[in-house]
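The next block holds one structure in the form of structure tokens; read it before the comments.
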Amino acid sequence: MATEIEQKLTDELKDAMRSGDEVRRDAVRMLRAALKKEELDLQQQQVLAAAKKAGYPNLNSVDVSVLNLGAPYTLTDDDAVRVVNRQVKQHRESIDQFRKGNRADLAAREEAQLAVIEKYLPQLMPREQVEVVVRETLAGMDLSTGLKAQGAAMAALSPKLRGKADMKIVSEIVRNILTGAAG
């Protein structure tokens with residue numbers, strides 16, 4: 001674990017422990033655990049792929065030392081951002097559920113943890129900048145199928161904007177352009 005996010009988390013965990021901030025400490029620990037789990041999952045995928053390539057149908061019969069694995073998988077910054085986004089989504093869903101269950105105390109704790117976790121997300125592009133990228137991308141596409149082109153448009157935009165823009169906003173802009181509402 002050596003991404004920029006992970007280093008910041010280590011530093012923040014130390015600060016939270018020194019200051020006695022339990023909410024921040026717990027949020028950072030949860031996020032660190034999620035990052036470690038992602039790293040282990042990706043390493044397992046690496047082993048499975050190597051075993052399959054070497055002709056082993058399953059891992060039960062594999063001596064892992066004979067596989068040519070290369071270096072163990074380490075998270076990239078993009079992997080880490082994906083994990084942080086997943087954690088943010090889980091916290092938002094938990095907040096909604098706690099509110100529906102009239103558990104304001106638990107919702108407040110989740111909101112406090114969410115505020116800590118959101119600091120690790122990259123700054124998202126403003127809507128105007130997203131719209132420019134969407135329009136540039138759509139300019140080179142066949143949009144004659146109207147709203148049916150939305151899937152293809154999102155597929156083209158996703159690699160460009162995922163992690164840099166709110167994909168709900170991207171989808172909304174694409175839909176508006178395809179329906180002619182934004183034009």
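Following the order of the structure tokens, first chain is A, next is B, and so on, with residues numbered from 1 inside each chain and ligands from 1 in the order they appear.
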
All residues 6 Å or closer to Ala27 in chain A, only C-alpha atoms, same chain fewer than 3 positions away omitted, as JSON, numbers by chain: {"A": [24, 30, 113]}

Go ahead and dump the residues you just picked, C-alpha atoms, as a compact mmCIF listing (two decimals), in the first residue's frame.
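Dumped to out.txt:
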```
# COMPACT_ATOMS: atom_id res chain seq x y z
CA ARG A 24 -12.31 10.27 12.24
CA MET A 30 -12.49 1.54 7.66
CA GLN A 113 -17.52 9.59 8.74
```

Alpha helix (DSSP H) per DSSP on the backbone: members of chain A, as a VMD selection string: chain A and resid 4 to 19 22 to 53 77 to 100 104 to 118 127 to 139 150 to 161 167 to 179

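Distances here use only C-alpha atoms; by that measure, the residue among A:Ala49, A:Met154, A:Leu75, A:Leu13 closest to Leu35 in chain A is A:Leu75.
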
Tell me, as a PyMOL selection string, which residues lie within 10 Å of Arg32 in chain A, counting only C-alpha atoms; anything in the same chain fewer than 3 positions away does not count. chain A and resi 1+5-6+9-10+13+26-29+35-38+80+83-84

For the residues in that selection, give me all heavy atoms as a short mmCIF file (atom, residue, chain, number, x, y, z; two decimals), in the first residue's frame.
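Result saved to part11.cif:
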```cif
data_model
loop_
_atom_site.label_atom_id
_atom_site.label_comp_id
_atom_site.auth_asym_id
_atom_site.auth_seq_id
_atom_site.Cartn_x
_atom_site.Cartn_y
_atom_site.Cartn_z
N MET A 1 0.84 -1.18 0.00
CA MET A 1 0.00 0.00 0.00
C MET A 1 0.88 1.24 0.00
O MET A 1 1.50 1.55 0.99
CB MET A 1 -0.91 0.01 1.23
CG MET A 1 -1.94 -1.08 1.20
SD MET A 1 -3.39 -1.05 2.25
CE MET A 1 -3.09 -0.01 3.59
N ILE A 5 -3.13 8.43 -1.48
CA ILE A 5 -4.26 8.37 -0.54
C ILE A 5 -3.87 7.58 0.70
O ILE A 5 -4.16 7.98 1.83
CB ILE A 5 -5.51 7.76 -1.22
CG1 ILE A 5 -6.07 8.74 -2.25
CG2 ILE A 5 -6.57 7.39 -0.20
CD1 ILE A 5 -7.21 8.20 -3.08
N GLU A 6 -3.21 6.46 0.50
CA GLU A 6 -2.84 5.61 1.62
C GLU A 6 -1.87 6.31 2.56
O GLU A 6 -1.97 6.17 3.79
CB GLU A 6 -2.26 4.30 1.11
CG GLU A 6 -3.32 3.43 0.45
CD GLU A 6 -2.74 2.31 -0.38
OE1 GLU A 6 -1.71 2.54 -1.04
OE2 GLU A 6 -3.31 1.22 -0.37
N LEU A 9 -3.85 8.73 4.56
CA LEU A 9 -4.64 8.02 5.56
C LEU A 9 -3.80 7.65 6.77
O LEU A 9 -4.25 7.76 7.91
CB LEU A 9 -5.25 6.75 4.96
CG LEU A 9 -6.46 6.96 4.06
CD1 LEU A 9 -6.82 5.68 3.33
CD2 LEU A 9 -7.64 7.48 4.84
N THR A 10 -2.58 7.21 6.53
CA THR A 10 -1.68 6.86 7.64
C THR A 10 -1.44 8.08 8.52
O THR A 10 -1.52 7.99 9.75
CB THR A 10 -0.36 6.31 7.10
OG1 THR A 10 -0.63 5.14 6.31
CG2 THR A 10 0.60 5.95 8.21
N LEU A 13 -4.65 8.99 10.40
CA LEU A 13 -4.93 8.04 11.48
C LEU A 13 -4.12 8.39 12.72
O LEU A 13 -4.65 8.41 13.84
CB LEU A 13 -4.65 6.61 11.04
CG LEU A 13 -4.89 5.52 12.10
CD1 LEU A 13 -6.35 5.54 12.56
CD2 LEU A 13 -4.50 4.17 11.56
N ASP A 26 -12.15 5.97 13.25
CA ASP A 26 -12.90 4.83 12.74
C ASP A 26 -13.09 4.92 11.22
O ASP A 26 -12.99 3.91 10.52
CB ASP A 26 -14.25 4.71 13.43
CG ASP A 26 -14.12 4.32 14.91
OD1 ASP A 26 -13.01 3.92 15.33
OD2 ASP A 26 -15.12 4.44 15.63
N ALA A 27 -13.37 6.12 10.73
CA ALA A 27 -13.56 6.29 9.29
C ALA A 27 -12.27 5.99 8.53
O ALA A 27 -12.29 5.31 7.50
CB ALA A 27 -14.02 7.73 8.99
N VAL A 28 -11.16 6.45 9.05
CA VAL A 28 -9.86 6.22 8.39
C VAL A 28 -9.52 4.73 8.45
O VAL A 28 -9.06 4.16 7.45
CB VAL A 28 -8.75 7.08 9.04
CG1 VAL A 28 -7.38 6.67 8.55
CG2 VAL A 28 -9.00 8.55 8.76
N ARG A 29 -9.76 4.10 9.58
CA ARG A 29 -9.47 2.66 9.68
C ARG A 29 -10.33 1.86 8.70
O ARG A 29 -9.85 0.92 8.07
CB ARG A 29 -9.73 2.18 11.11
CG ARG A 29 -8.61 2.51 12.06
CD ARG A 29 -8.89 1.95 13.42
NE ARG A 29 -7.75 2.15 14.31
CZ ARG A 29 -7.80 2.01 15.62
NH1 ARG A 29 -8.93 1.66 16.21
NH2 ARG A 29 -6.73 2.21 16.35
N LEU A 35 -9.16 -0.46 1.37
CA LEU A 35 -8.06 -0.40 0.42
C LEU A 35 -7.22 -1.68 0.46
O LEU A 35 -6.84 -2.22 -0.58
CB LEU A 35 -7.18 0.82 0.70
CG LEU A 35 -7.80 2.17 0.34
CD1 LEU A 35 -7.00 3.31 0.96
CD2 LEU A 35 -7.89 2.34 -1.16
N LYS A 36 -6.96 -2.17 1.65
CA LYS A 36 -6.18 -3.40 1.79
C LYS A 36 -6.94 -4.58 1.19
O LYS A 36 -6.36 -5.42 0.50
CB LYS A 36 -5.86 -3.67 3.27
CG LYS A 36 -4.94 -4.83 3.48
CD LYS A 36 -3.59 -4.58 2.84
CE LYS A 36 -2.64 -5.72 3.09
NZ LYS A 36 -1.41 -5.60 2.31
N LYS A 37 -8.25 -4.64 1.42
CA LYS A 37 -9.06 -5.72 0.86
C LYS A 37 -9.03 -5.66 -0.66
O LYS A 37 -8.91 -6.69 -1.33
CB LYS A 37 -10.50 -5.63 1.36
CG LYS A 37 -11.38 -6.76 0.83
CD LYS A 37 -12.81 -6.60 1.27
CE LYS A 37 -13.71 -7.70 0.76
NZ LYS A 37 -13.54 -8.14 -0.59
N GLU A 38 -9.13 -4.48 -1.23
CA GLU A 38 -9.08 -4.33 -2.68
C GLU A 38 -7.74 -4.81 -3.22
O GLU A 38 -7.67 -5.51 -4.23
CB GLU A 38 -9.31 -2.87 -3.07
CG GLU A 38 -9.29 -2.60 -4.56
CD GLU A 38 -10.55 -3.05 -5.27
OE1 GLU A 38 -11.52 -3.48 -4.61
OE2 GLU A 38 -10.59 -2.96 -6.52
N ALA A 80 -7.36 3.25 -5.85
CA ALA A 80 -7.68 3.83 -4.54
C ALA A 80 -8.88 4.76 -4.63
O ALA A 80 -9.77 4.72 -3.77
CB ALA A 80 -6.47 4.57 -3.98
N VAL A 83 -12.02 2.76 -4.77
CA VAL A 83 -12.39 2.25 -3.45
C VAL A 83 -13.02 3.35 -2.60
O VAL A 83 -14.04 3.13 -1.93
CB VAL A 83 -11.16 1.64 -2.73
CG1 VAL A 83 -11.48 1.29 -1.29
CG2 VAL A 83 -10.66 0.41 -3.47
N VAL A 84 -12.45 4.53 -2.65
CA VAL A 84 -13.00 5.66 -1.87
C VAL A 84 -14.42 5.97 -2.37
O VAL A 84 -15.33 6.17 -1.56
CB VAL A 84 -12.09 6.91 -1.96
CG1 VAL A 84 -12.76 8.10 -1.29
CG2 VAL A 84 -10.74 6.62 -1.33
#
```

Extract, using only C-alpha atoms, all DNA, RNA and protein residues at most 12 Å from Ala155 in chain A, discarding same-chain residues fewer than 3 positions from it, and format them as a PyMOL selection string. chain A and resi 134+137-138+141+149-152+158-162+167+170-171+174

Please identify all polymer residues within 12 Å of Glu172 in chain A, counting only C-alpha atoms, omitting same-chain residues fewer than 4 positions from it, and present them as a tab-separated table (two decimals) with all heavy atoms, in the first residue's frame.
```
chain	number	residue	atom	x	y	z
A	127	ARG	N	-19.53	21.54	-13.63
A	127	ARG	CA	-20.51	21.13	-14.64
A	127	ARG	C	-20.19	21.72	-16.03
A	127	ARG	O	-20.32	21.02	-17.03
A	127	ARG	CB	-21.92	21.54	-14.20
A	127	ARG	CG	-22.99	21.08	-15.13
A	127	ARG	CD	-24.38	21.53	-14.69
A	127	ARG	NE	-25.38	21.06	-15.61
A	127	ARG	CZ	-26.08	19.95	-15.45
A	127	ARG	NH1	-25.88	19.20	-14.39
A	127	ARG	NH2	-26.96	19.57	-16.36
A	130	VAL	N	-17.45	19.77	-17.64
A	130	VAL	CA	-17.96	18.44	-18.02
A	130	VAL	C	-18.75	18.55	-19.32
A	130	VAL	O	-18.59	17.73	-20.23
A	130	VAL	CB	-18.84	17.84	-16.90
A	130	VAL	CG1	-19.52	16.57	-17.36
A	130	VAL	CG2	-18.02	17.58	-15.65
A	131	GLU	N	-19.57	19.59	-19.41
A	131	GLU	CA	-20.39	19.76	-20.61
A	131	GLU	C	-19.53	19.96	-21.85
A	131	GLU	O	-19.84	19.44	-22.93
A	131	GLU	CB	-21.35	20.94	-20.42
A	131	GLU	CG	-22.40	20.99	-21.50
A	131	GLU	CD	-23.60	21.85	-21.14
A	131	GLU	OE1	-23.76	22.21	-19.96
A	131	GLU	OE2	-24.36	22.17	-22.06
A	134	VAL	N	-18.22	16.54	-22.81
A	134	VAL	CA	-19.32	15.74	-23.37
A	134	VAL	C	-19.62	16.17	-24.80
A	134	VAL	O	-19.72	15.34	-25.70
A	134	VAL	CB	-20.59	15.85	-22.48
A	134	VAL	CG1	-21.80	15.24	-23.18
A	134	VAL	CG2	-20.36	15.18	-21.14
A	147	LEU	N	-32.01	8.90	-28.12
A	147	LEU	CA	-31.69	8.44	-26.77
A	147	LEU	C	-31.04	7.06	-26.75
A	147	LEU	O	-30.37	6.71	-25.80
A	147	LEU	CB	-32.94	8.43	-25.89
A	147	LEU	CG	-33.30	9.75	-25.24
A	147	LEU	CD1	-34.56	9.62	-24.41
A	147	LEU	CD2	-32.16	10.27	-24.38
A	150	GLN	N	-27.38	6.91	-26.00
A	150	GLN	CA	-26.88	7.28	-24.67
A	150	GLN	C	-25.89	6.24	-24.14
A	150	GLN	O	-24.87	6.59	-23.56
A	150	GLN	CB	-28.02	7.48	-23.68
A	150	GLN	CG	-27.53	7.97	-22.33
A	150	GLN	CD	-28.65	8.42	-21.41
A	150	GLN	OE1	-29.82	8.39	-21.77
A	150	GLN	NE2	-28.28	8.84	-20.23
A	153	ALA	N	-22.64	6.69	-25.87
A	153	ALA	CA	-22.04	7.95	-25.43
A	153	ALA	C	-21.41	7.79	-24.04
A	153	ALA	O	-20.28	8.22	-23.80
A	153	ALA	CB	-23.08	9.06	-25.42
A	154	MET	N	-22.12	7.15	-23.14
A	154	MET	CA	-21.61	6.95	-21.79
A	154	MET	C	-20.38	6.03	-21.81
A	154	MET	O	-19.43	6.23	-21.05
A	154	MET	CB	-22.69	6.38	-20.86
A	154	MET	CG	-23.80	7.38	-20.56
A	154	MET	SD	-23.23	8.92	-19.80
A	154	MET	CE	-22.65	8.32	-18.21
A	166	ASP	N	-18.83	13.83	-11.67
A	166	ASP	CA	-19.96	13.07	-11.17
A	166	ASP	C	-20.65	12.45	-12.37
A	166	ASP	O	-21.17	13.15	-13.24
A	166	ASP	CB	-20.91	14.00	-10.41
A	166	ASP	CG	-22.07	13.28	-9.77
A	166	ASP	OD1	-22.39	12.14	-10.18
A	166	ASP	OD2	-22.67	13.86	-8.85
A	167	MET	N	-20.68	11.11	-12.43
A	167	MET	CA	-21.22	10.43	-13.60
A	167	MET	C	-22.74	10.63	-13.72
A	167	MET	O	-23.28	10.51	-14.82
A	167	MET	CB	-20.86	8.95	-13.57
A	167	MET	CG	-19.35	8.70	-13.71
A	167	MET	SD	-18.58	9.52	-15.14
A	167	MET	CE	-19.19	8.51	-16.48
A	168	LYS	N	-23.42	10.97	-12.65
A	168	LYS	CA	-24.84	11.29	-12.74
A	168	LYS	C	-25.03	12.58	-13.55
A	168	LYS	O	-25.94	12.69	-14.36
A	168	LYS	CB	-25.46	11.45	-11.36
A	168	LYS	CG	-25.63	10.15	-10.61
A	168	LYS	CD	-26.27	10.40	-9.27
A	168	LYS	CE	-26.38	9.10	-8.48
A	168	LYS	NZ	-26.96	9.31	-7.15
A	176	ASN	N	-29.71	15.36	-21.92
A	176	ASN	CA	-30.21	16.67	-22.37
A	176	ASN	C	-29.79	16.97	-23.79
A	176	ASN	O	-30.56	17.49	-24.59
A	176	ASN	CB	-29.72	17.77	-21.43
A	176	ASN	CG	-30.42	17.76	-20.09
A	176	ASN	OD1	-31.48	17.15	-19.94
A	176	ASN	ND2	-29.82	18.41	-19.11
A	177	ILE	N	-28.54	16.65	-24.11
A	177	ILE	CA	-28.05	16.90	-25.49
A	177	ILE	C	-28.78	16.03	-26.47
A	177	ILE	O	-29.19	16.48	-27.55
A	177	ILE	CB	-26.52	16.70	-25.55
A	177	ILE	CG1	-25.81	17.81	-24.76
A	177	ILE	CG2	-26.05	16.67	-26.99
A	177	ILE	CD1	-24.32	17.60	-24.60
A	178	LEU	N	-28.97	14.76	-26.13
A	178	LEU	CA	-29.62	13.84	-27.06
A	178	LEU	C	-31.09	14.16	-27.27
A	178	LEU	O	-31.62	13.91	-28.35
A	178	LEU	CB	-29.47	12.39	-26.55
A	178	LEU	CG	-28.05	11.84	-26.58
A	178	LEU	CD1	-28.00	10.45	-26.00
A	178	LEU	CD2	-27.48	11.84	-28.00
A	179	THR	N	-31.75	14.72	-26.28
A	179	THR	CA	-33.15	15.09	-26.43
A	179	THR	C	-33.29	16.50	-27.00
A	179	THR	O	-34.41	16.93	-27.29
A	179	THR	CB	-33.91	15.01	-25.09
A	179	THR	OG1	-33.30	15.89	-24.15
A	179	THR	CG2	-33.96	13.59	-24.57
A	181	ALA	N	-32.69	19.27	-25.42
A	181	ALA	CA	-33.06	20.25	-24.39
A	181	ALA	C	-31.92	21.21	-24.10
A	181	ALA	O	-32.17	22.35	-23.75
A	181	ALA	CB	-33.46	19.53	-23.10
A	182	ALA	N	-30.68	20.76	-24.29
A	182	ALA	CA	-29.55	21.64	-23.98
A	182	ALA	C	-29.03	22.33	-25.22
A	182	ALA	O	-28.11	23.11	-25.15
A	182	ALA	CB	-28.44	20.83	-23.32
```

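With distances restricted to only C-alpha atoms, A:Ser94 is the closest residue to Ala108 in chain A from A:Asn85, A:Ser94, A:Ser144, A:Gln7.
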
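For the residues A:Asp105, A:Asp79, A:Glu110, A:Asp15, ranking by smallest atom-to-atom distance to Arg92 in chain A using only C-alpha atoms places A:Glu110 first.
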